[in-house]
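Student: What follows is run_26.cif, made up of mmCIF, C-alpha atoms:
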```cif
data_my_file
loop_
_atom_site.group_PDB
_atom_site.id
_atom_site.type_symbol
_atom_site.label_atom_id
_atom_site.label_comp_id
_atom_site.auth_asym_id
_atom_site.auth_seq_id
_atom_site.Cartn_x
_atom_site.Cartn_y
_atom_site.Cartn_z
ATOM 1 C CA MET A 106 0.000 0.000 0.000
ATOM 2 C CA VAL A 107 1.352 3.417 -0.997
ATOM 3 C CA PHE A 108 1.419 6.161 1.666
ATOM 4 C CA VAL A 109 3.206 9.502 1.295
ATOM 5 C CA THR A 110 4.174 12.387 3.563
ATOM 6 C CA PRO A 111 2.877 15.483 1.738
ATOM 7 C CA THR A 112 4.717 18.766 1.397
ATOM 8 C CA THR A 113 1.340 20.476 0.976
ATOM 9 C CA THR A 114 1.058 20.230 4.737
ATOM 10 C CA GLU A 115 -2.461 21.572 5.199
ATOM 11 C CA VAL A 116 -3.885 18.125 4.428
ATOM 12 C CA LEU A 117 -2.126 16.713 7.488
ATOM 13 C CA GLN A 118 -4.647 18.616 9.612
ATOM 14 C CA TRP A 119 -7.734 17.413 7.766
ATOM 15 C CA GLU A 120 -10.194 15.257 9.659
ATOM 16 C CA GLY A 121 -12.379 12.539 8.193
ATOM 17 C CA LEU A 122 -12.282 11.296 4.609
ATOM 18 C CA HIS A 123 -11.238 13.539 1.721
ATOM 19 C CA LEU A 124 -10.890 12.427 -1.897
ATOM 20 C CA PHE A 125 -9.002 14.207 -4.658
ATOM 21 C CA HIS A 126 -10.582 12.975 -7.887
ATOM 22 C CA PHE A 127 -11.493 13.779 -11.483
ATOM 23 C CA GLU A 128 -15.071 13.179 -12.613
ATOM 24 C CA SER A 129 -14.193 11.170 -15.741
ATOM 25 C CA SER A 130 -11.245 9.251 -14.289
ATOM 26 C CA THR A 131 -11.881 5.498 -14.260
ATOM 27 C CA CYS A 132 -9.698 5.104 -11.180
ATOM 28 C CA SER A 133 -11.623 7.845 -9.380
ATOM 29 C CA LYS A 134 -14.910 6.119 -10.259
ATOM 30 C CA LYS A 135 -13.792 2.959 -8.459
ATOM 31 C CA VAL A 136 -13.206 4.844 -5.235
ATOM 32 C CA ARG A 137 -16.408 6.892 -5.418
ATOM 33 C CA THR A 138 -18.347 3.652 -5.998
ATOM 34 C CA VAL A 139 -16.856 2.020 -2.900
ATOM 35 C CA LEU A 140 -17.574 5.123 -0.811
ATOM 36 C CA ALA A 141 -21.199 4.985 -1.990
ATOM 37 C CA LEU A 142 -21.550 1.228 -1.414
ATOM 38 C CA LYS A 143 -20.255 1.655 2.121
ATOM 39 C CA GLU A 144 -22.335 4.831 2.631
ATOM 40 C CA LEU A 145 -19.273 6.703 3.878
ATOM 41 C CA SER A 146 -19.275 10.474 4.210
ATOM 42 C CA CYS A 147 -16.397 12.014 2.252
ATOM 43 C CA THR A 148 -15.404 15.526 1.189
ATOM 44 C CA LEU A 149 -14.663 15.576 -2.548
ATOM 45 C CA HIS A 150 -11.961 17.801 -4.070
ATOM 46 C CA HIS A 151 -12.202 17.914 -7.863
ATOM 47 C CA VAL A 152 -8.884 18.061 -9.733
ATOM 48 C CA ASP A 153 -9.359 19.189 -13.337
ATOM 49 C CA LEU A 154 -7.088 17.029 -15.470
ATOM 50 C CA THR A 155 -8.103 18.896 -18.633
ATOM 51 C CA THR A 156 -6.337 22.016 -17.335
ATOM 52 C CA HIS A 157 -3.471 19.948 -15.831
ATOM 53 C CA GLU A 158 -4.400 20.935 -12.296
ATOM 54 C CA ASN A 159 -2.791 17.654 -11.222
ATOM 55 C CA LYS A 160 0.597 19.052 -12.268
ATOM 56 C CA THR A 161 0.581 22.136 -10.062
ATOM 57 C CA GLU A 162 2.847 22.697 -7.067
ATOM 58 C CA TYR A 163 -0.142 22.335 -4.732
ATOM 59 C CA PHE A 164 -1.250 18.936 -6.002
ATOM 60 C CA LEU A 165 2.266 17.583 -6.560
ATOM 61 C CA GLY A 166 2.837 18.424 -2.905
ATOM 62 C CA ILE A 167 0.123 15.851 -2.129
ATOM 63 C CA ASN A 168 0.913 13.262 -4.802
ATOM 64 C CA PRO A 169 4.321 13.799 -6.454
ATOM 65 C CA ARG A 170 3.279 11.366 -9.203
ATOM 66 C CA GLY A 171 0.509 13.729 -10.314
ATOM 67 C CA LEU A 172 -2.235 11.102 -10.378
ATOM 68 C CA VAL A 173 -5.779 10.920 -9.074
ATOM 69 C CA PRO A 174 -7.397 9.632 -6.980
ATOM 70 C CA VAL A 175 -5.755 10.441 -3.659
ATOM 71 C CA LEU A 176 -7.431 9.671 -0.343
ATOM 72 C CA VAL A 177 -6.743 11.646 2.825
ATOM 73 C CA HIS A 178 -8.047 10.014 6.003
ATOM 74 C CA ASP A 179 -7.479 11.964 9.210
ATOM 75 C CA GLY A 180 -4.293 13.443 7.721
ATOM 76 C CA LYS A 181 -2.997 10.150 6.300
ATOM 77 C CA VAL A 182 -2.411 10.263 2.517
ATOM 78 C CA ILE A 183 -3.019 7.091 0.472
ATOM 79 C CA LEU A 184 -2.225 6.813 -3.251
ATOM 80 C CA GLU A 185 -3.278 4.329 -5.961
ATOM 81 C CA SER A 186 -6.952 3.584 -6.533
ATOM 82 C CA ASN A 187 -6.714 -0.143 -5.826
ATOM 83 C CA ASP A 188 -4.817 0.519 -2.598
ATOM 84 C CA ILE A 189 -7.447 3.072 -1.636
ATOM 85 C CA VAL A 190 -10.412 0.720 -2.141
ATOM 86 C CA GLN A 191 -8.639 -1.992 -0.156
ATOM 87 C CA TYR A 192 -7.846 0.526 2.580
ATOM 88 C CA LEU A 193 -11.497 1.590 2.754
ATOM 89 C CA ASP A 194 -12.674 -2.010 2.876
ATOM 90 C CA ASP A 195 -10.294 -2.785 5.735
ATOM 91 C CA ALA A 196 -10.683 0.473 7.681
ATOM 92 C CA PHE A 197 -14.474 0.364 7.497
ATOM 93 C CA GLY A 198 -15.130 -3.370 7.689
ATOM 94 C CA PRO A 199 -17.738 -5.169 9.820
ATOM 95 C CA ASP A 200 -15.685 -4.810 13.027
ATOM 96 C CA SER A 201 -14.652 -1.164 12.564
ATOM 97 C CA PRO A 202 -16.022 1.833 14.502
ATOM 98 C CA ILE A 203 -18.102 2.552 11.369
ATOM 99 C CA PRO A 204 -19.066 -1.005 10.359
ATOM 100 C CA THR A 205 -19.914 -1.750 6.707
ATOM 101 C CA ARG A 206 -20.251 -4.889 4.596
ATOM 102 C CA ARG A 207 -16.869 -6.268 3.522
ATOM 103 C CA LEU A 208 -16.528 -6.161 -0.267
ATOM 104 C CA SER A 209 -13.307 -8.171 -0.621
ATOM 105 C CA ASP A 210 -13.388 -11.881 -1.342
ATOM 106 C CA ALA A 211 -10.982 -14.653 -2.322
ATOM 107 C CA ASN A 212 -10.644 -13.212 -5.849
ATOM 108 C CA THR A 213 -9.822 -9.666 -4.813
ATOM 109 C CA GLU A 214 -6.033 -9.715 -4.462
ATOM 110 C CA GLN A 215 -5.496 -11.409 -7.833
ATOM 111 C CA ALA A 216 -8.121 -9.174 -9.477
ATOM 112 C CA LEU A 217 -6.494 -5.970 -8.225
ATOM 113 C CA SER A 218 -3.094 -7.096 -9.492
ATOM 114 C CA ALA A 219 -4.460 -8.071 -12.918
ATOM 115 C CA GLU A 220 -6.371 -4.805 -13.319
ATOM 116 C CA ASP A 221 -3.351 -2.791 -12.166
ATOM 117 C CA ALA A 222 -1.271 -4.365 -14.915
ATOM 118 C CA LEU A 223 -3.576 -2.900 -17.584
ATOM 119 C CA HIS A 224 -3.274 0.772 -16.581
ATOM 120 C CA MET A 225 -0.773 1.729 -19.269
ATOM 121 C CA ALA A 226 -2.585 -0.316 -21.930
ATOM 122 C CA MET A 227 -5.850 1.426 -21.093
ATOM 123 C CA ARG A 228 -4.113 4.812 -21.154
ATOM 124 C CA THR A 229 -2.772 4.034 -24.638
ATOM 125 C CA LEU A 230 -6.256 3.240 -25.948
ATOM 126 C CA THR A 231 -7.867 6.164 -24.113
ATOM 127 C CA PHE A 232 -5.476 8.729 -25.582
ATOM 128 C CA SER A 233 -5.758 7.207 -29.041
ATOM 129 C CA PHE A 234 -9.484 6.454 -29.406
ATOM 130 C CA ARG A 235 -11.327 8.301 -26.621
ATOM 131 C CA ILE A 236 -9.419 11.590 -26.436
ATOM 132 C CA PRO A 237 -7.994 13.265 -29.587
ATOM 133 C CA SER A 238 -4.215 13.581 -29.492
ATOM 134 C CA ALA A 239 -4.409 17.358 -29.864
ATOM 135 C CA LEU A 240 -6.248 17.520 -26.535
ATOM 136 C CA GLY A 241 -4.265 14.803 -24.777
ATOM 137 C CA ARG A 242 -0.854 16.419 -25.083
ATOM 138 C CA VAL A 243 0.805 17.562 -21.831
ATOM 139 C CA PRO A 244 2.454 21.015 -22.103
ATOM 140 C CA ASP A 245 6.228 20.771 -21.901
ATOM 141 C CA ASP A 246 6.442 23.094 -18.885
ATOM 142 C CA ARG A 247 3.973 20.964 -16.919
ATOM 143 C CA LEU A 248 5.768 17.762 -17.915
ATOM 144 C CA ALA A 249 9.081 19.251 -16.793
ATOM 145 C CA LEU A 250 7.549 20.316 -13.470
ATOM 146 C CA TYR A 251 6.824 16.799 -12.308
ATOM 147 C CA LYS A 252 9.342 14.803 -14.346
ATOM 148 C CA ASP A 253 11.643 14.290 -11.375
ATOM 149 C CA ARG A 254 8.878 14.078 -8.792
ATOM 150 C CA GLY A 255 7.683 10.775 -7.429
ATOM 151 C CA ALA A 256 10.520 8.693 -8.865
ATOM 152 C CA ASN A 257 10.975 6.884 -5.554
ATOM 153 C CA ILE A 258 7.276 6.243 -4.951
ATOM 154 C CA GLU A 259 5.922 2.792 -5.749
ATOM 155 C CA GLY A 260 3.902 2.883 -8.939
ATOM 156 C CA LYS A 261 1.964 -0.365 -9.268
ATOM 157 C CA GLY A 262 0.605 -0.707 -12.817
ATOM 158 C CA GLN A 263 1.880 2.660 -14.031
ATOM 159 C CA ASN A 264 5.104 3.664 -12.353
ATOM 160 C CA HIS A 265 6.512 7.155 -12.611
ATOM 161 C CA GLY A 266 9.154 6.281 -15.185
ATOM 162 C CA GLU A 267 6.541 4.699 -17.463
ATOM 163 C CA GLN A 268 4.371 7.797 -17.136
ATOM 164 C CA ILE A 269 7.172 10.155 -18.138
ATOM 165 C CA ALA A 270 8.199 7.910 -21.030
ATOM 166 C CA PHE A 271 4.577 7.715 -22.223
ATOM 167 C CA TRP A 272 3.981 11.474 -22.198
ATOM 168 C CA THR A 273 7.374 12.303 -23.677
ATOM 169 C CA ALA A 274 6.769 9.953 -26.630
ATOM 170 C CA TYR A 275 3.156 11.112 -26.924
ATOM 171 C CA ASN A 276 4.223 14.756 -27.181
ATOM 172 C CA GLN A 277 7.042 14.045 -29.612
ATOM 173 C CA ASN A 278 5.034 11.747 -31.908
ATOM 174 C CA GLY A 279 1.673 13.506 -31.726
ATOM 175 C CA GLY A 280 0.048 10.414 -30.248
ATOM 176 C CA CYS A 281 0.702 6.721 -29.626
ATOM 177 C CA SER A 282 2.487 4.537 -32.160
ATOM 178 C CA GLY A 283 0.681 1.788 -34.045
ATOM 179 C CA ASP A 284 2.828 -0.854 -32.364
ATOM 180 C CA ALA A 285 1.964 0.515 -28.910
ATOM 181 C CA ILE A 286 -1.759 0.483 -29.738
ATOM 182 C CA VAL A 287 -1.714 -3.121 -30.950
ATOM 183 C CA GLN A 288 0.344 -4.202 -27.934
ATOM 184 C CA ALA A 289 -2.179 -2.537 -25.607
ATOM 185 C CA TYR A 290 -5.078 -4.134 -27.498
ATOM 186 C CA ASP A 291 -3.530 -7.597 -27.208
ATOM 187 C CA ALA A 292 -2.896 -7.190 -23.470
ATOM 188 C CA ILE A 293 -6.488 -6.136 -22.897
ATOM 189 C CA ARG A 294 -7.920 -8.923 -25.048
ATOM 190 C CA ALA A 295 -5.896 -11.527 -23.126
ATOM 191 C CA ALA A 296 -7.125 -10.107 -19.804
ATOM 192 C CA PHE A 297 -10.727 -10.069 -21.028
ATOM 193 C CA ASP A 298 -10.393 -13.680 -22.198
ATOM 194 C CA GLY A 299 -9.418 -14.479 -18.612
ATOM 195 C CA LEU A 300 -12.451 -12.643 -17.230
ATOM 196 C CA GLU A 301 -14.680 -14.469 -19.708
ATOM 197 C CA ASN A 302 -13.406 -17.831 -18.475
ATOM 198 C CA GLU A 303 -13.760 -16.752 -14.868
ATOM 199 C CA LEU A 304 -17.352 -15.627 -15.306
ATOM 200 C CA ASN A 305 -18.474 -18.587 -17.392
ATOM 201 C CA GLY A 306 -22.053 -17.332 -17.274
ATOM 202 C CA ALA A 307 -22.007 -16.296 -13.581
ATOM 203 C CA GLN A 308 -23.714 -13.120 -12.411
ATOM 204 C CA PHE A 309 -20.656 -11.519 -10.818
ATOM 205 C CA LEU A 310 -16.884 -11.967 -10.604
ATOM 206 C CA SER A 311 -17.072 -12.587 -6.861
ATOM 207 C CA THR A 312 -16.413 -16.069 -5.490
ATOM 208 C CA ALA A 313 -20.009 -16.230 -4.341
ATOM 209 C CA ALA A 314 -21.041 -15.327 -7.922
ATOM 210 C CA ASP A 315 -24.322 -13.915 -6.645
ATOM 211 C CA ALA A 316 -23.191 -10.770 -4.831
ATOM 212 C CA LEU A 317 -21.379 -7.623 -5.950
ATOM 213 C CA SER A 318 -17.787 -7.597 -4.695
ATOM 214 C CA LEU A 319 -14.708 -5.380 -4.770
ATOM 215 C CA THR A 320 -13.513 -7.452 -7.745
ATOM 216 C CA ASP A 321 -16.540 -6.312 -9.765
ATOM 217 C CA VAL A 322 -16.199 -2.696 -8.640
ATOM 218 C CA VAL A 323 -12.523 -2.542 -9.631
ATOM 219 C CA TRP A 324 -12.952 -4.148 -13.047
ATOM 220 C CA PHE A 325 -16.113 -2.398 -14.255
ATOM 221 C CA PRO A 326 -14.723 1.119 -15.006
ATOM 222 C CA THR A 327 -11.829 -0.441 -16.917
ATOM 223 C CA VAL A 328 -14.050 -2.727 -18.997
ATOM 224 C CA ARG A 329 -16.453 0.153 -19.641
ATOM 225 C CA ARG A 330 -13.669 2.525 -20.771
ATOM 226 C CA VAL A 331 -12.171 -0.052 -23.149
ATOM 227 C CA PHE A 332 -15.621 -0.672 -24.624
ATOM 228 C CA LEU A 333 -16.065 3.075 -25.175
ATOM 229 C CA CYS A 334 -12.686 3.146 -26.941
ATOM 230 C CA GLY A 335 -14.240 0.911 -29.592
ATOM 231 C CA TYR A 336 -13.272 -2.560 -28.382
ATOM 232 C CA ASP A 337 -15.775 -5.235 -29.473
ATOM 233 C CA LEU A 338 -16.815 -6.505 -26.053
ATOM 234 C CA ARG A 339 -19.452 -8.787 -27.561
ATOM 235 C CA ARG A 340 -16.729 -11.273 -28.547
ATOM 236 C CA HIS A 341 -16.786 -12.201 -24.822
ATOM 237 C CA PRO A 342 -20.482 -13.152 -24.250
ATOM 238 C CA SER A 343 -20.293 -13.639 -20.479
ATOM 239 C CA LEU A 344 -18.259 -10.454 -19.995
ATOM 240 C CA TRP A 345 -20.680 -8.495 -22.181
ATOM 241 C CA ALA A 346 -23.647 -9.765 -20.163
ATOM 242 C CA TRP A 347 -21.783 -8.851 -16.947
ATOM 243 C CA HIS A 348 -21.070 -5.359 -18.336
ATOM 244 C CA GLU A 349 -24.760 -4.813 -19.068
ATOM 245 C CA ARG A 350 -25.753 -6.184 -15.646
ATOM 246 C CA MET A 351 -23.243 -3.961 -13.883
ATOM 247 C CA ARG A 352 -24.276 -0.924 -15.927
ATOM 248 C CA ALA A 353 -27.857 -1.321 -14.687
ATOM 249 C CA HIS A 354 -26.968 -2.136 -11.059
ATOM 250 C CA PRO A 355 -28.418 0.564 -8.738
ATOM 251 C CA ALA A 356 -25.108 0.938 -6.879
ATOM 252 C CA ILE A 357 -23.068 1.242 -10.081
ATOM 253 C CA ALA A 358 -25.373 3.214 -12.392
ATOM 254 C CA PRO A 359 -24.562 6.685 -10.942
ATOM 255 C CA PHE A 360 -20.865 6.196 -11.779
ATOM 256 C CA VAL A 361 -21.132 4.658 -15.267
ATOM 257 C CA GLU A 362 -19.054 6.511 -17.851
ATOM 258 C CA PRO A 363 -21.558 7.871 -20.426
ATOM 259 C CA MET A 364 -21.334 7.330 -24.158
ATOM 260 C CA GLY A 365 -22.036 10.962 -24.998
ATOM 261 C CA GLY A 366 -19.802 14.016 -25.147
ATOM 262 C CA LEU A 367 -16.524 14.569 -26.931
ATOM 263 C CA GLY A 368 -15.496 10.911 -26.688
ATOM 264 C CA ASN A 369 -18.628 9.801 -28.516
ATOM 265 C CA ALA A 370 -18.203 12.474 -31.195
ATOM 266 C CA PHE A 371 -14.613 11.302 -31.652
ATOM 267 C CA TYR A 372 -15.829 7.700 -32.060
ATOM 268 C CA VAL A 373 -18.435 8.733 -34.641
ATOM 269 C CA TRP A 374 -15.685 10.462 -36.632
ATOM 270 C CA GLN A 375 -13.566 7.299 -36.426
ATOM 271 C CA TYR A 376 -16.510 5.179 -37.568
ATOM 272 C CA LEU A 377 -17.252 7.433 -40.534
ATOM 273 C CA THR A 378 -13.598 7.497 -41.580
ATOM 274 C CA GLY A 379 -12.927 3.806 -41.002
ATOM 275 C CA THR A 380 -10.362 4.457 -38.240
ATOM 276 C CA THR A 381 -11.957 2.752 -35.217
ATOM 277 C CA LEU A 382 -9.860 0.671 -32.831
ATOM 278 C CA GLU A 383 -10.867 -2.659 -34.377
ATOM 279 C CA LYS A 384 -10.221 -1.369 -37.922
ATOM 280 C CA PHE A 385 -6.872 0.069 -36.861
ATOM 281 C CA VAL A 386 -5.684 -3.185 -35.303
ATOM 282 C CA GLU A 387 -6.847 -5.209 -38.290
ATOM 283 C CA ALA A 388 -4.988 -2.950 -40.720
ATOM 284 C CA HIS A 389 -1.843 -2.832 -38.594
ATOM 285 C CA ARG A 390 -1.695 -6.618 -38.402
ATOM 286 C CA ARG A 391 -1.797 -6.765 -42.191
ATOM 287 C CA ALA A 392 1.202 -4.403 -42.158
ATOM 288 C CA GLN A 393 -0.566 -2.127 -44.598
ATOM 289 C CA PRO A 394 -0.098 1.645 -44.520
ATOM 290 C CA PHE A 395 -2.960 2.969 -42.410
ATOM 291 C CA ARG A 396 -4.073 6.395 -43.526
ATOM 292 C CA LEU A 397 -6.800 8.490 -42.013
ATOM 293 C CA LYS A 398 -9.405 9.342 -44.606
ATOM 294 C CA VAL A 399 -10.141 13.026 -44.951
#
```
For the structure just supplied, provide its representation as structure tokens.
Tutor:
Amino acid sequence: MVFVTPTTTEVLQWEGLHLFHFESSTCSKKVRTVLALKELSCTLHHVDLTTHENKTEYFLGINPRGLVPVLVHDGKVILESNDIVQYLDDAFGPDSPIPTRRLSDANTEQALSAEDALHMAMRTLTFSFRIPSALGRVPDDRLALYKDRGANIEGKGQNHGEQIAFWTAYNQNGGCSGDAIVQAYDAIRAAFDGLENELNGAQFLSTAADALSLTDVVWFPTVRRVFLCGYDLRRHPSLWAWHERMRAHPAIAPFVEPMGGLGNAFYVWQYLTGTTLEKFVEAHRRAQPFRLKV
């Protein structure tokens, strides 16, 4: 579990639960879902990633890696979304001063590790098929500001060095390379094949298979985001049925990433020009020049 001692010291005096988050962040959605499931009171602090508010001196003084979400609990700062949801499940379990239903099960540890491993793959698809490269670019001055921050902080599925390398290449190349996109696609497809086998027609990913668990909560925003990037989720029938079931679940529905907005407009443009994720991967595998149609 990743804890830090902040240099933005005001948070050390904060009482109760505070969450730094971004509305559209898949990792932030996980944590907000767990807070809602456990009916925990929490003060939300929105960090606007579109204006690079996460790369300011104030926020880097809380999380030197410049990522959301960040949980502050009675002055203790916890990083990494999967660490945060585990922390909440442990700190507010059945025997805690504020008892709540435990969401972890026998699958949870393996599920968190597997989902963590896909962070960079999901980022590659997000900033290639959900967010136009012109909008995804990080200004050089902001990149320089946090380049040397957080290097010694554990990174889980997206360590600090990988982040810097990703954004440096993204800025220089005007987006992600075709090889990086196909590699990300293959990693995600392999992981989804595993989820398909695990579900095998069951209602949920939990060991009980009939109750929502932390495993389901952690995986849903990732599966949803990849689907919105244009991945054909219907090739995994059990996973698709689970996605639809989760999307309609009363506890999950308020946090489901919508299809509308800029991301949907970007997808429509890709569809009309024949440049969707599935078309891109197919063309790249054939080693044919892939040109965007104007």
Student: Take the point (-1.9, 20.3, -11.0) in the file's coordinates, draw a sphere of radius 9 Å around it, and report as an MDAnalysis selection string every protein, DNA or RNA residue with an atom inside or on it, counting only C-alpha atoms.
Tutor: chainID A and resid 152:154 156:165 171 247
Student: From the list A:Thr229, A:Pro237, A:Ile258, A:Pro174, which residue is nearest A:Phe271 when using all atoms listed in the file?
Tutor: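 That would be A:Thr229, the residue with the smallest distance to A:Phe271.
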Student: Could you pull the residues within 7 Å of stretch 286-300 of chain A, counting all atoms listed in the file, minus those fewer than 3 positions along the same chain, as a list in words?
Tutor: Leu223, Ala226, Thr229, Leu230, Cys281, Ser282, Gly283, Glu303, Leu304, Leu344 and Val386 of chain A
Student: Please write the residues picked by the PyMOL selection byres ((chain A and resi 123-129) around 7) on this file as a list of chain:residue names.
Tutor: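 Checked against the file, the PyMOL selection byres ((chain A and resi 123-129) around 7) matches A:Gly121, A:Leu122, A:Ser130, A:Thr131, A:Ser133, A:Cys147, A:Thr148, A:Leu149, A:His150, A:His151, A:Val152, A:Asp153, A:Leu154, A:Val173, A:Pro174, A:Val175, A:Leu176, A:Val177, A:His178.
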Student: Give me the result of the PyMOL selection byres ((chain A and resi 169) around 9) on this file, residue by residue, as a ChimeraX atom specification.
Tutor: /A:109,111,160,164-168,170-172,251,253-256,258
Student: If the PyMOL selection byres ((chain A and resi 360-362) around 12) is run on the structure shown, which residues does it catch, given as a PyMOL selection string?
Tutor: chain A and resi 128-142+235+322+325-334+348-359+363-366+368-369
Student: Report the distance between atom CA of A:Leu145 and atom CA of A:Val107 in Å, rounded to one decimal place.
Tutor: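 Separation between atom CA of A:Leu145 and atom CA of A:Val107: 21.4 Å.
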Student: To one decimal place in Å, what is the distance between atom CA of A:Ala270 and atom CA of A:Met227?
Tutor: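 We find that atom CA of A:Ala270 and atom CA of A:Met227 lie 15.5 Å from each other.
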Student: Hey, which of A:Ala249, A:Leu317, A:Ala285, A:Lys143 ends up closest to A:Thr273? Count all atoms listed in the file.
Tutor: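 Residue with the minimum atom-to-atom distance to A:Thr273: A:Ala249.
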Student: Identify, on the basis of all atoms listed in the file, every residue whose closest approach to A:Thr213 does not exceed 10 Å; exclude the query and any residue fewer than 4 positions from it along the same chain; express the result as a list in words.
Tutor: Gln191, Leu208, Ser209, Leu217, Ser218, Ala219, Leu310, Ser311, Thr312, Ser318, Leu319, Thr320, Asp321 and Val323 of chain A
Student: Rounded to one decimal place, report the atom CA of A:Thr113-atom CA of A:Ile183 distance in Å.
Tutor: 14.1 Å
